[in-house]
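Asks: This one is data_4.cif, mmCIF, C-alpha atoms.
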data_final
#
loop_
_atom_site.label_atom_id
_atom_site.label_comp_id
_atom_site.auth_asym_id
_atom_site.auth_seq_id
_atom_site.Cartn_x
_atom_site.Cartn_y
_atom_site.Cartn_z
CA MET B 1 -24.23 -14.38 18.35
CA PRO B 2 -21.39 -11.93 19.07
CA GLN B 3 -19.21 -12.84 22.03
CA PRO B 4 -19.64 -10.65 25.14
CA SER B 5 -16.02 -9.57 24.75
CA ALA B 6 -16.38 -8.72 21.05
CA ARG B 7 -15.48 -5.16 20.14
CA LYS B 8 -16.72 -3.15 17.16
CA ILE B 9 -13.68 -1.67 15.44
CA LEU B 10 -13.70 0.84 12.60
CA ILE B 11 -10.99 0.45 9.94
CA ALA B 12 -10.60 3.28 7.42
CA PRO B 13 -7.71 3.55 4.91
CA LEU B 14 -6.66 6.40 2.67
CA ASP B 15 -7.87 6.16 -0.95
CA TRP B 16 -4.49 7.23 -2.37
CA GLY B 17 -3.94 4.02 -4.37
CA ALA B 18 -5.35 0.58 -3.61
CA GLY B 19 -2.41 -0.39 -1.39
CA HIS B 20 -3.73 1.31 1.74
CA THR B 21 -6.91 -0.75 1.42
CA THR B 22 -5.27 -4.09 0.60
CA ARG B 23 -2.83 -3.84 3.49
CA CYS B 24 -5.78 -3.50 5.87
CA LEU B 25 -7.16 -6.89 4.76
CA PRO B 26 -4.97 -8.95 7.14
CA LEU B 27 -6.01 -6.67 10.02
CA ILE B 28 -9.69 -7.23 9.22
CA ALA B 29 -9.19 -10.98 8.92
CA HIS B 30 -7.31 -11.23 12.21
CA LEU B 31 -9.89 -9.14 14.08
CA GLN B 32 -12.58 -11.49 12.81
CA ALA B 33 -10.52 -14.53 13.84
CA LEU B 34 -10.31 -13.03 17.34
CA GLY B 35 -14.10 -12.73 17.43
CA HIS B 36 -14.36 -8.96 16.96
CA GLN B 37 -16.52 -7.08 14.45
CA ALA B 38 -14.72 -5.06 11.80
CA VAL B 39 -16.51 -2.07 10.27
CA PHE B 40 -14.87 -0.82 7.07
CA ALA B 41 -15.15 2.81 5.96
CA GLY B 42 -14.20 3.84 2.43
CA ASN B 43 -15.44 4.83 -1.00
CA ALA B 44 -17.10 2.48 -3.49
CA ALA B 45 -13.84 1.29 -5.04
CA GLN B 46 -12.31 0.53 -1.63
CA GLN B 47 -15.43 -1.30 -0.51
CA ALA B 48 -15.32 -3.41 -3.68
CA ILE B 49 -11.75 -4.50 -2.85
CA VAL B 50 -12.77 -5.59 0.63
CA ARG B 51 -15.85 -7.39 -0.65
CA SER B 52 -13.79 -9.27 -3.25
CA HIS B 53 -11.55 -10.69 -0.51
CA MET B 54 -13.83 -10.86 2.53
CA GLY B 55 -17.29 -11.41 1.05
CA HIS B 56 -20.16 -9.80 2.93
CA ASP B 57 -18.91 -10.51 6.43
CA VAL B 58 -17.66 -6.96 6.92
CA ALA B 59 -20.03 -4.09 7.69
CA MET B 60 -19.52 -1.04 5.47
CA LEU B 61 -19.80 2.69 5.98
CA PRO B 62 -19.46 5.07 3.00
CA LEU B 63 -16.60 7.54 3.36
CA GLU B 64 -15.32 9.52 0.41
CA GLY B 65 -11.60 9.84 -0.17
CA TYR B 66 -9.17 12.66 -0.78
CA ASN B 67 -9.18 12.25 -4.60
CA ILE B 68 -5.65 13.53 -5.06
CA THR B 69 -4.86 14.50 -8.66
CA TYR B 70 -1.49 14.67 -10.41
CA SER B 71 0.03 16.80 -13.13
CA SER B 72 1.56 15.14 -16.18
CA LEU B 73 4.54 17.47 -15.81
CA ASN B 74 7.04 16.19 -13.25
CA ARG B 75 8.48 19.60 -12.49
CA ILE B 76 5.16 20.95 -11.20
CA LEU B 77 3.98 17.80 -9.48
CA GLN B 78 5.00 18.89 -6.00
CA ALA B 79 3.56 22.36 -6.58
CA GLY B 80 0.32 20.77 -7.74
CA LEU B 81 0.05 18.81 -4.51
CA LEU B 82 0.78 21.93 -2.46
CA LEU B 83 -2.01 23.75 -4.27
CA GLN B 84 -4.38 20.98 -3.15
CA LEU B 85 -3.31 21.29 0.51
CA PRO B 86 -6.17 23.61 1.58
CA ARG B 87 -8.70 21.14 0.15
CA ILE B 88 -6.94 18.23 1.87
CA LEU B 89 -7.02 20.02 5.23
CA ALA B 90 -10.72 20.73 4.72
CA ILE B 91 -11.32 17.02 4.04
CA ILE B 92 -9.42 16.09 7.22
CA LYS B 93 -11.66 18.40 9.23
CA ALA B 94 -14.79 17.02 7.54
CA GLU B 95 -13.80 13.39 8.12
CA HIS B 96 -13.19 14.16 11.80
CA ASN B 97 -16.73 15.52 12.12
CA TRP B 98 -17.98 12.47 10.20
CA LEU B 99 -16.21 10.20 12.68
CA LEU B 100 -17.69 11.87 15.73
CA GLN B 101 -21.17 11.23 14.38
CA LYS B 102 -20.53 7.66 13.19
CA VAL B 103 -18.98 6.61 16.50
CA ALA B 104 -22.09 7.83 18.30
CA ASP B 105 -24.48 6.22 15.79
CA ASN B 106 -22.75 2.84 15.50
CA GLY B 107 -21.28 2.18 18.93
CA ILE B 108 -17.68 2.03 17.72
CA ASP B 109 -15.25 0.80 20.40
CA GLY B 110 -11.94 1.39 18.60
CA ILE B 111 -10.59 3.10 15.48
CA ILE B 112 -7.78 2.08 13.12
CA SER B 113 -6.97 4.76 10.56
CA ASP B 114 -4.53 4.11 7.74
CA ASN B 115 -3.14 7.55 6.90
CA ARG B 116 -6.45 9.38 7.43
CA TYR B 117 -5.51 12.13 9.84
CA GLY B 118 -9.01 13.26 10.77
CA LEU B 119 -10.06 9.85 12.15
CA TRP B 120 -9.05 10.36 15.77
CA HIS B 121 -11.50 10.52 18.65
CA PRO B 122 -11.22 12.34 21.98
CA THR B 123 -12.55 9.37 24.01
CA VAL B 124 -12.49 6.25 21.80
CA PRO B 125 -9.03 4.60 21.44
CA SER B 126 -7.62 5.56 18.05
CA VAL B 127 -4.64 4.16 16.13
CA ILE B 128 -3.04 5.54 12.98
CA ILE B 129 -1.01 3.39 10.58
CA THR B 130 1.76 4.99 8.55
CA HIS B 131 5.04 3.73 7.12
CA GLN B 132 6.19 7.25 6.35
CA LEU B 133 7.11 8.95 9.61
CA GLN B 134 9.66 11.00 7.69
CA VAL B 135 7.95 12.60 4.71
CA LEU B 136 10.40 13.32 1.89
CA THR B 137 9.51 16.66 0.37
CA GLY B 138 12.16 16.70 -2.32
CA ALA B 139 13.10 20.20 -1.12
CA GLY B 140 16.01 19.29 1.16
CA ALA B 141 16.74 18.44 4.80
CA VAL B 142 15.41 21.69 6.28
CA ALA B 143 12.03 21.28 4.59
CA ASP B 144 11.93 17.59 5.55
CA ALA B 145 12.54 18.46 9.22
CA ALA B 146 9.82 21.12 9.20
CA VAL B 147 7.30 18.74 7.64
CA ARG B 148 8.22 16.00 10.12
CA GLN B 149 7.52 18.37 13.01
CA LEU B 150 4.09 19.19 11.58
CA HIS B 151 3.47 15.52 10.87
CA TYR B 152 4.25 14.53 14.45
CA ARG B 153 1.78 17.11 15.77
CA MET B 154 -0.93 15.46 13.68
CA LEU B 155 0.12 11.97 14.82
CA ALA B 156 -0.03 13.09 18.47
CA ARG B 157 -3.83 13.24 18.23
CA PHE B 158 -3.88 9.44 18.09
CA GLY B 159 -3.33 7.17 21.06
CA GLN B 160 -0.94 4.92 19.14
CA VAL B 161 1.13 5.06 15.95
CA TRP B 162 1.61 1.71 14.17
CA VAL B 163 4.40 1.47 11.60
CA PRO B 164 4.06 -1.42 9.11
CA ASP B 165 7.75 -2.30 9.06
CA VAL B 166 10.20 -4.26 11.20
CA PRO B 167 12.25 -2.48 13.87
CA GLY B 168 15.74 -3.64 12.86
CA GLY B 169 18.06 -3.50 9.90
CA ASP B 170 15.82 -5.54 7.60
CA SER B 171 13.53 -2.55 7.05
CA LEU B 172 11.70 -2.24 3.73
CA ALA B 173 10.90 1.44 4.29
CA GLY B 174 14.38 2.54 5.32
CA LYS B 175 14.64 6.08 6.64
CA LEU B 176 10.96 6.75 5.93
CA ALA B 177 10.04 4.50 8.87
CA HIS B 178 13.23 4.98 10.90
CA PRO B 179 13.85 8.70 11.49
CA ALA B 180 16.24 9.93 14.17
CA ALA B 181 13.40 10.48 16.65
CA LEU B 182 10.08 8.61 16.87
CA PRO B 183 6.69 9.99 17.88
CA PRO B 184 5.46 8.85 21.31
CA HIS B 185 3.54 5.56 21.45
CA THR B 186 5.07 4.25 18.21
CA THR B 187 5.11 0.49 17.58
CA TYR B 188 6.56 -1.40 14.62
CA ILE B 189 3.94 -3.98 13.67
CA GLY B 190 5.75 -5.76 10.82
CA TRP B 191 4.73 -5.99 7.19
CA LEU B 192 1.07 -6.18 6.21
CA SER B 193 0.22 -8.26 3.14
CA ARG B 194 -2.77 -10.24 1.93
CA TYR B 195 -0.23 -12.73 0.52
CA ALA B 196 1.51 -13.64 3.77
CA GLY B 197 2.25 -17.36 3.60
CA VAL B 198 1.82 -17.50 -0.20
CA ALA B 199 5.24 -18.17 -1.74
CA SER B 200 6.03 -17.86 -5.42
CA ALA B 201 7.21 -20.96 -7.24
CA PRO B 202 10.91 -21.37 -8.08
CA ALA B 203 11.55 -19.54 -11.35
CA ALA B 204 11.11 -21.98 -14.24
CA THR B 205 12.98 -21.67 -17.53
CA HIS B 206 9.94 -20.31 -19.34
CA ALA B 207 8.25 -18.55 -16.40
CA PRO B 208 6.51 -15.34 -17.45
CA VAL B 209 7.34 -11.74 -16.80
CA LEU B 210 4.40 -10.20 -14.93
CA VAL B 211 3.74 -6.53 -15.74
CA LEU B 212 1.53 -4.96 -13.07
CA LEU B 213 0.52 -1.38 -13.82
CA SER B 214 -1.01 0.89 -11.21
CA GLY B 215 -1.02 4.43 -9.92
CA PRO B 216 -2.33 7.81 -10.98
CA GLU B 217 -3.02 9.03 -14.49
CA PRO B 218 -1.57 10.09 -16.81
CA GLN B 219 1.59 8.33 -15.63
CA ARG B 220 -0.02 4.89 -15.63
CA THR B 221 -0.92 5.24 -19.32
CA LEU B 222 2.49 6.64 -20.24
CA LEU B 223 4.23 3.68 -18.59
CA SER B 224 1.80 1.23 -20.21
CA ARG B 225 2.73 2.48 -23.68
CA LEU B 226 6.46 2.20 -22.98
CA LEU B 227 6.23 -1.30 -21.54
CA TRP B 228 3.88 -2.58 -24.24
CA GLN B 229 6.50 -1.79 -26.87
CA GLN B 230 9.05 -3.83 -24.92
CA VAL B 231 6.59 -6.69 -24.42
CA LEU B 232 5.97 -6.95 -28.17
CA ARG B 233 9.71 -7.41 -28.72
CA HIS B 234 10.20 -9.81 -25.83
CA GLN B 235 10.70 -13.49 -26.72
CA GLY B 236 9.38 -15.14 -23.56
CA PRO B 237 5.89 -15.35 -22.02
CA VAL B 238 4.38 -12.21 -20.51
CA ILE B 239 1.33 -11.51 -18.34
CA PHE B 240 0.36 -7.87 -18.87
CA ALA B 241 -2.15 -6.26 -16.46
CA GLU B 242 -3.18 -2.66 -17.13
CA GLY B 243 -4.50 -2.09 -13.62
CA THR B 244 -7.71 -0.34 -14.65
CA ASP B 245 -11.11 -1.58 -15.81
CA SER B 246 -11.26 1.25 -18.34
CA ALA B 247 -8.23 -0.02 -20.30
CA VAL B 248 -8.85 -0.66 -24.01
CA GLN B 249 -7.69 -4.05 -25.24
CA PRO B 250 -4.95 -3.77 -27.91
CA ALA B 251 -6.00 -4.62 -31.46
CA HIS B 252 -3.23 -7.20 -31.77
CA ILE B 253 -2.06 -9.35 -28.86
CA PRO B 254 0.75 -11.76 -29.79
CA PRO B 255 0.54 -15.40 -28.65
CA HIS B 256 3.25 -15.01 -26.01
CA VAL B 257 1.26 -12.31 -24.15
CA GLN B 258 -1.71 -12.71 -21.79
CA TRP B 259 -3.40 -9.30 -21.61
CA HIS B 260 -5.73 -8.27 -18.76
CA ALA B 261 -7.44 -5.01 -17.96
CA ARG B 262 -7.01 -5.86 -14.27
CA LEU B 263 -5.83 -8.79 -12.17
CA ALA B 264 -7.24 -9.22 -8.67
CA GLY B 265 -7.95 -11.84 -6.05
CA ALA B 266 -7.03 -15.43 -6.89
CA ALA B 267 -6.04 -14.53 -10.46
CA LEU B 268 -3.42 -12.05 -9.24
CA GLN B 269 -2.14 -14.48 -6.64
CA ASP B 270 -1.77 -17.16 -9.32
CA ALA B 271 0.10 -14.78 -11.61
CA LEU B 272 2.50 -13.81 -8.82
CA GLN B 273 3.18 -17.44 -8.03
CA GLN B 274 4.01 -18.13 -11.68
CA ALA B 275 6.17 -15.09 -12.38
CA ALA B 276 9.94 -15.12 -12.73
CA LEU B 277 9.98 -11.33 -12.49
CA VAL B 278 7.43 -8.63 -11.67
CA VAL B 279 7.58 -5.22 -13.37
CA CYS B 280 5.68 -2.68 -11.26
CA ARG B 281 5.63 0.60 -9.37
CA SER B 282 7.49 0.90 -6.07
CA GLY B 283 4.55 1.64 -3.78
CA TYR B 284 5.15 0.46 -0.24
CA SER B 285 2.20 -1.94 -0.12
CA THR B 286 3.53 -3.55 -3.31
CA LEU B 287 6.91 -4.02 -1.65
CA MET B 288 5.28 -5.69 1.35
CA ASP B 289 3.38 -8.03 -1.00
CA LEU B 290 6.58 -8.90 -2.87
CA ALA B 291 8.30 -9.63 0.45
CA ALA B 292 5.48 -12.05 1.24
CA THR B 293 5.49 -13.90 -2.09
CA GLY B 294 9.25 -13.82 -2.62
CA ASN B 295 9.04 -12.31 -6.10
CA ARG B 296 11.88 -10.17 -7.40
CA ALA B 297 10.89 -7.04 -9.27
CA LEU B 298 11.96 -4.37 -11.69
CA LEU B 299 10.70 -1.26 -9.90
CA ILE B 300 9.70 1.84 -11.86
CA PRO B 301 8.68 4.63 -9.47
CA THR B 302 6.01 7.12 -10.49
CA PRO B 303 7.92 10.22 -11.69
CA GLY B 304 7.82 12.99 -9.14
CA GLN B 305 6.68 10.79 -6.25
CA THR B 306 9.63 11.22 -3.91
CA GLU B 307 8.48 8.37 -1.66
CA GLN B 308 8.38 5.82 -4.50
CA GLU B 309 11.68 7.08 -5.88
CA TYR B 310 13.34 6.62 -2.49
CA LEU B 311 11.82 3.15 -1.93
CA ALA B 312 13.00 1.97 -5.34
CA ARG B 313 16.55 3.15 -4.60
CA HIS B 314 16.51 1.73 -1.06
CA THR B 315 15.33 -1.78 -1.99
CA ALA B 316 17.77 -1.86 -4.91
CA THR B 317 20.61 -0.84 -2.59
CA ILE B 318 19.87 -3.68 -0.15
CA GLY B 319 19.70 -6.13 -3.05
CA GLN B 320 16.03 -7.08 -3.02
CA HIS B 321 14.98 -5.61 -6.36
CA THR B 322 16.23 -3.71 -9.42
CA ALA B 323 15.15 -0.13 -10.05
CA THR B 324 14.99 2.04 -13.15
CA SER B 325 13.47 5.39 -14.05
CA GLN B 326 10.47 5.83 -16.32
CA SER B 327 12.15 6.62 -19.60
CA ALA B 328 12.08 4.70 -22.85
CA THR B 329 15.86 4.24 -22.86
CA HIS B 330 16.12 2.94 -19.30
CA ILE B 331 13.13 0.62 -19.61
CA MET B 332 14.48 -0.80 -22.87
CA ARG B 333 17.85 -1.57 -21.29
CA ALA B 334 16.27 -3.07 -18.17
CA PHE B 335 13.81 -5.23 -20.07
CA ALA B 336 16.57 -6.54 -22.32
CA SER B 337 18.39 -7.93 -19.28
CA TRP B 338 15.38 -9.11 -17.26
CA GLY B 339 16.78 -12.65 -16.97
CA ALA B 340 19.59 -11.40 -14.73
CA MET B 341 16.99 -9.97 -12.32
CA ALA B 342 14.81 -13.07 -12.05
CA GLY B 343 14.86 -15.29 -8.99
CA ARG B 344 13.71 -15.34 -5.39
CA ASN B 345 13.58 -12.30 -3.14
CA THR B 346 14.55 -13.68 0.25
CA VAL B 347 13.54 -11.68 3.31
CA PRO B 348 13.75 -12.71 6.97
CA ALA B 349 10.89 -14.90 8.16
CA GLY B 350 8.36 -13.64 10.69
CA GLY B 351 8.04 -10.07 9.50
CA HIS B 352 4.45 -10.64 8.34
CA GLN B 353 3.23 -12.02 11.68
CA LEU B 354 4.42 -9.31 14.05
CA TYR B 355 1.12 -7.42 13.91
CA GLN B 356 -0.99 -10.30 15.23
CA PRO B 357 -0.16 -10.16 18.99
CA ILE B 358 -0.05 -6.36 18.86
CA LEU B 359 -3.53 -6.18 17.32
CA ALA B 360 -4.88 -8.81 19.73
CA GLN B 361 -3.53 -6.97 22.77
CA TRP B 362 -4.91 -3.62 21.60
CA ALA B 363 -8.36 -5.10 20.89
CA ALA B 364 -8.39 -6.76 24.32
CA SER B 365 -7.53 -3.42 25.92
CA LEU B 366 -10.71 -1.93 24.45
CA LEU B 367 -12.77 -4.17 26.72
CA GLN B 368 -10.81 -2.97 29.74
CA ALA B 369 -11.40 0.64 28.67
CA MET B 370 -15.15 0.05 28.84
CA HIS B 371 -15.04 -0.79 32.55
#
Would you mind giving the structure from this file in structure tokens?

Replies:
Amino acid sequence: MPQPSARKILIAPLDWGAGHTTRCLPLIAHLQALGHQAVFAGNAAQQAIVRSHMGHDVAMLPLEGYNITYSSLNRILQAGLLLQLPRILAIIKAEHNWLLQKVADNGIDGIISDNRYGLWHPTVPSVIITHQLQVLTGAGAVADAAVRQLHYRMLARFGQVWVPDVPGGDSLAGKLAHPAALPPHTTYIGWLSRYAGVASAPAATHAPVLVLLSGPEPQRTLLSRLLWQQVLRHQGPVIFAEGTDSAVQPAHIPPHVQWHARLAGAALQDALQQAALVVCRSGYSTLMDLAATGNRALLIPTPGQTEQEYLARHTATIGQHTATSQSATHIMRAFASWGAMAGRNTVPAGGHQLYQPILAQWAASLLQAMH
């Protein structure tokens, strides 16, 4: 039986990559531990991720995503996203109307939105999670300032803004999460990772390189082809995960390579714990996971994604990881010297637990709001 003080809380992440969904998993788990009911809203792929980690203990509501598409040409990537802006704004309006109905139908007491800007409610307490207060447009400081002003107007619709980063100088997100001025009601909640408390093993002499592919097409496939050529030449063990169920298994896989279409759940956790080095994109949720496990990484940002490009540079500058661009020459040089990158990525302790008292206090306040 639900406790009298249990609240029903809707959690809905953006579908722009799996990271928004996976970083909500610790929030769902902690709400359940506190005795509250989590209701997850997302598309079929997002629901499958939650089911794989949480079983059938989480109620589900179908909510389609934004389905952002990318050009294969870097120089028109930003223009391509701008062309999709009217459709994105229409989706934001539609998801807001969807929320109004679902709150009424399901008795929702609180809302946690991860980067879905239509999921605010005029009377039900609503929180938005974003690590990117300062959006980097790639068009210079004036454009960045204009976009930040617009962004803050959208954030102001929510009662609270939660930033998944730490407040001090140990920030993973750098200036993305620490602009000159913050929106009202902003709280740094620490890093969110499903792997908090799961440390990687000390790098053994023959520990594998773990290649974790992800992100939008066609860039995922282009990077896969480049890295596969390096893997075939590599002398040590490699775990190679394509990151998509539609990947076609290579005709010849050498003995030193373990090939997977996708790694998830316990299998991915095991691979991370084994790995001497992870080769992956520089998405923010990935960086939070690496901070939890202690893995060092060779980061290869998706070309044209200004956020990933900045995060790769920032974490390389503070000495946590190594970064390279997606070109055959750069990848070849980086892969040839991977041994120099291997080792532990040490980050200050406690950054993955900051959210727990903040979430508990907010959930408790929902009961007070009902009286």

Asks: Which residues match the PyMOL selection byres ((chain B and resi 269-285) around 8) in the file above, as a tab-separated table (two decimals) with C-alpha atoms, keeping the file's coordinate frame?

Replies:
chain	number	residue	atom	x	y	z
B	19	GLY	CA	-2.41	-0.39	-1.39
B	20	HIS	CA	-3.73	1.31	1.74
B	22	THR	CA	-5.27	-4.09	0.60
B	23	ARG	CA	-2.83	-3.84	3.49
B	173	ALA	CA	10.90	1.44	4.29
B	192	LEU	CA	1.07	-6.18	6.21
B	193	SER	CA	0.22	-8.26	3.14
B	195	TYR	CA	-0.23	-12.73	0.52
B	198	VAL	CA	1.82	-17.50	-0.20
B	199	ALA	CA	5.24	-18.17	-1.74
B	200	SER	CA	6.03	-17.86	-5.42
B	201	ALA	CA	7.21	-20.96	-7.24
B	202	PRO	CA	10.91	-21.37	-8.08
B	203	ALA	CA	11.55	-19.54	-11.35
B	204	ALA	CA	11.11	-21.98	-14.24
B	207	ALA	CA	8.25	-18.55	-16.40
B	208	PRO	CA	6.51	-15.34	-17.45
B	209	VAL	CA	7.34	-11.74	-16.80
B	210	LEU	CA	4.40	-10.20	-14.93
B	211	VAL	CA	3.74	-6.53	-15.74
B	212	LEU	CA	1.53	-4.96	-13.07
B	213	LEU	CA	0.52	-1.38	-13.82
B	214	SER	CA	-1.01	0.89	-11.21
B	215	GLY	CA	-1.02	4.43	-9.92
B	239	ILE	CA	1.33	-11.51	-18.34
B	264	ALA	CA	-7.24	-9.22	-8.67
B	265	GLY	CA	-7.95	-11.84	-6.05
B	266	ALA	CA	-7.03	-15.43	-6.89
B	267	ALA	CA	-6.04	-14.53	-10.46
B	268	LEU	CA	-3.42	-12.05	-9.24
B	286	THR	CA	3.53	-3.55	-3.31
B	287	LEU	CA	6.91	-4.02	-1.65
B	288	MET	CA	5.28	-5.69	1.35
B	289	ASP	CA	3.38	-8.03	-1.00
B	293	THR	CA	5.49	-13.90	-2.09
B	295	ASN	CA	9.04	-12.31	-6.10
B	296	ARG	CA	11.88	-10.17	-7.40
B	297	ALA	CA	10.89	-7.04	-9.27
B	298	LEU	CA	11.96	-4.37	-11.69
B	299	LEU	CA	10.70	-1.26	-9.90
B	300	ILE	CA	9.70	1.84	-11.86
B	301	PRO	CA	8.68	4.63	-9.47
B	302	THR	CA	6.01	7.12	-10.49
B	308	GLN	CA	8.38	5.82	-4.50
B	309	GLU	CA	11.68	7.08	-5.88
B	311	LEU	CA	11.82	3.15	-1.93
B	312	ALA	CA	13.00	1.97	-5.34
B	338	TRP	CA	15.38	-9.11	-17.26
B	341	MET	CA	16.99	-9.97	-12.32
B	342	ALA	CA	14.81	-13.07	-12.05
B	343	GLY	CA	14.86	-15.29	-8.99

Asks: Could you give me, as a ChimeraX atom specification, the residues that have an atom at most 10 Å away from the point (-8.2, 16.6, 4.7) in the coordinates of the file, using only C-alpha atoms?

Replies: /B:65-66,84-96,116-118

Asks: Please determine, counting only C-alpha atoms, which residue among B:Thr346, B:Thr221, B:Gln160, B:Thr306 has the shortest atom-to-atom distance to Gln132 (chain B).

Replies: B:Thr306

Asks: Figure out the distance between CA of Thr130 (chain B) and CA of Gln46 (chain B), please, to one decimal in Å.

Replies: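 Going from CA of Gln46 (chain B) over to CA of Thr130 (chain B), I get 17.9 Å.
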
Asks: Let me make sure I understand: among B:Ala41, B:Asp170, B:Gln356, B:Arg51, which one has the smallest atom-to-atom distance to Lys102 (chain B) if we use only C-alpha atoms?

Replies: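 Ranking B:Ala41, B:Asp170, B:Gln356, B:Arg51 by distance to Lys102 (chain B), first place goes to B:Ala41.
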
Asks: Pick from B:Ala291, B:Ala251, B:Leu172, B:Leu222: nearest to Thr317 (chain B), with all atoms listed in the file counted?

Replies: B:Leu172

Asks: Give me the residues within 10 Å of Lys8 (chain B) as a list in words, counting all atoms listed in the file and dropping any in the same chain fewer than 4 places off.

Replies: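 In the requested format, the answer is Leu31, Gly35, His36, Gln37, Ala38, Val39, Asn106, Gly107, Ile108, Asp109, Gly110, Ile111, Ala363 and Leu366 of chain B.
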
Asks: Can you tell me, as a ChimeraX atom specification, what residues are no more than 7 Å from Pro167 (chain B) when counting all atoms listed in the file, ignoring any on the same chain fewer than 2 positions away?

Replies: /B:165,171,188

Asks: Find the residues around Ala334 (chain B) up to 9 Å (all atoms listed in the file counted), leave out those fewer than 5 positions away in its own chain, and share them as JSON, numbers by chain.

Replies: {"B": [298, 322, 323, 324, 329]}

Asks: Deliver the residues from the most recent selection as a file, using C-alpha atoms, as a short mmCIF file (atom, residue, chain, number, x, y, z; two decimals), in the coordinates of the input.

Replies:
data_model
loop_
_atom_site.label_atom_id
_atom_site.label_comp_id
_atom_site.auth_asym_id
_atom_site.auth_seq_id
_atom_site.Cartn_x
_atom_site.Cartn_y
_atom_site.Cartn_z
CA LEU B 298 11.96 -4.37 -11.69
CA THR B 322 16.23 -3.71 -9.42
CA ALA B 323 15.15 -0.13 -10.05
CA THR B 324 14.99 2.04 -13.15
CA THR B 329 15.86 4.24 -22.86
#

Asks: Find the residue from B:Gln258, B:Ser113, B:Gln32, B:Ser365 that sits nearest to Val238 (chain B); use only C-alpha atoms when measuring.

Replies: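 Ranked by minimum distance to Val238 (chain B), first place goes to B:Gln258.
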
Asks: Pick from B:Gln230, B:Thr244, B:Gln249, B:Ser337: nearest to Glu217 (chain B), with all atoms listed in the file counted?

Replies: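 Of the candidates, the smallest distance to Glu217 (chain B) is held by B:Thr244.
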
Asks: Report the distance between CA of Val147 (chain B) and CA of Leu27 (chain B) in Å, rounded to one decimal place.

Replies: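 It comes out at 28.8 Å.
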
Asks: Can you pull out every residue within 12 Å of Phe158 (chain B), counting only C-alpha atoms, but drop anything in the same chain fewer than 2 positions away, and send it as number ranges by chain?

Replies: B: 110-130, 151-156, 160-162, 183-186

Asks: Which one of B:Leu133, B:Val50, B:Ile11, B:Leu61 sits closest to Leu150 (chain B) if you count all atoms listed in the file?

Replies: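 For Leu150 (chain B), the nearest of the candidates is B:Leu133.
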
Asks: For the atom pair CA of Trp259 (chain B) and CA of Ala48 (chain B), what is the interatomic distance in Å to one decimal place?

Replies: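 So the answer is 22.3 Å.
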
Asks: Calculate, to one decimal in Å, the centre and edge lengths of the box along x, y and z of the file that holds all listed atoms of region 8-17 of chain B with 3 Å of margin on each side, and present them as lines of an AutoDock Vina configuration file.

Replies:
center_x = -10.3
center_y = 2.0
center_z = 6.4
size_x = 18.8
size_y = 16.4
size_z = 27.5

Asks: Pick out the residues sitting within 12 Å of Ala45 (chain B), and hand them over as a list in words; count all atoms listed in the file, and ignore anything fewer than 2 positions along from it in its own chain.

Replies: Pro13, Leu14, Asp15, Trp16, Gly17, Ala18, Thr21, Thr22, Ala41, Gly42, Asn43, Gln47, Ala48, Ile49, Val50, Arg51, Ser52, Pro62, Leu63, Glu64, Gly65, Asn67, Thr244 and Asp245 of chain B

Asks: Using only C-alpha atoms - which residues lie no farther than 10 Å from the point (-1.1, -3.1, -23.9) in the file's frame? Write them as a list of chain:residue names.

Replies: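 Taken together, the residues in range are B:Thr221, B:Ser224, B:Arg225, B:Leu226, B:Leu227, B:Trp228, B:Gln229, B:Val231, B:Leu232, B:Phe240, B:Ala241, B:Glu242, B:Ala247, B:Val248, B:Gln249, B:Pro250, B:Ala251, B:His252, B:Ile253, B:Val257, B:Gln258, B:Trp259, B:His260, B:Ala261.
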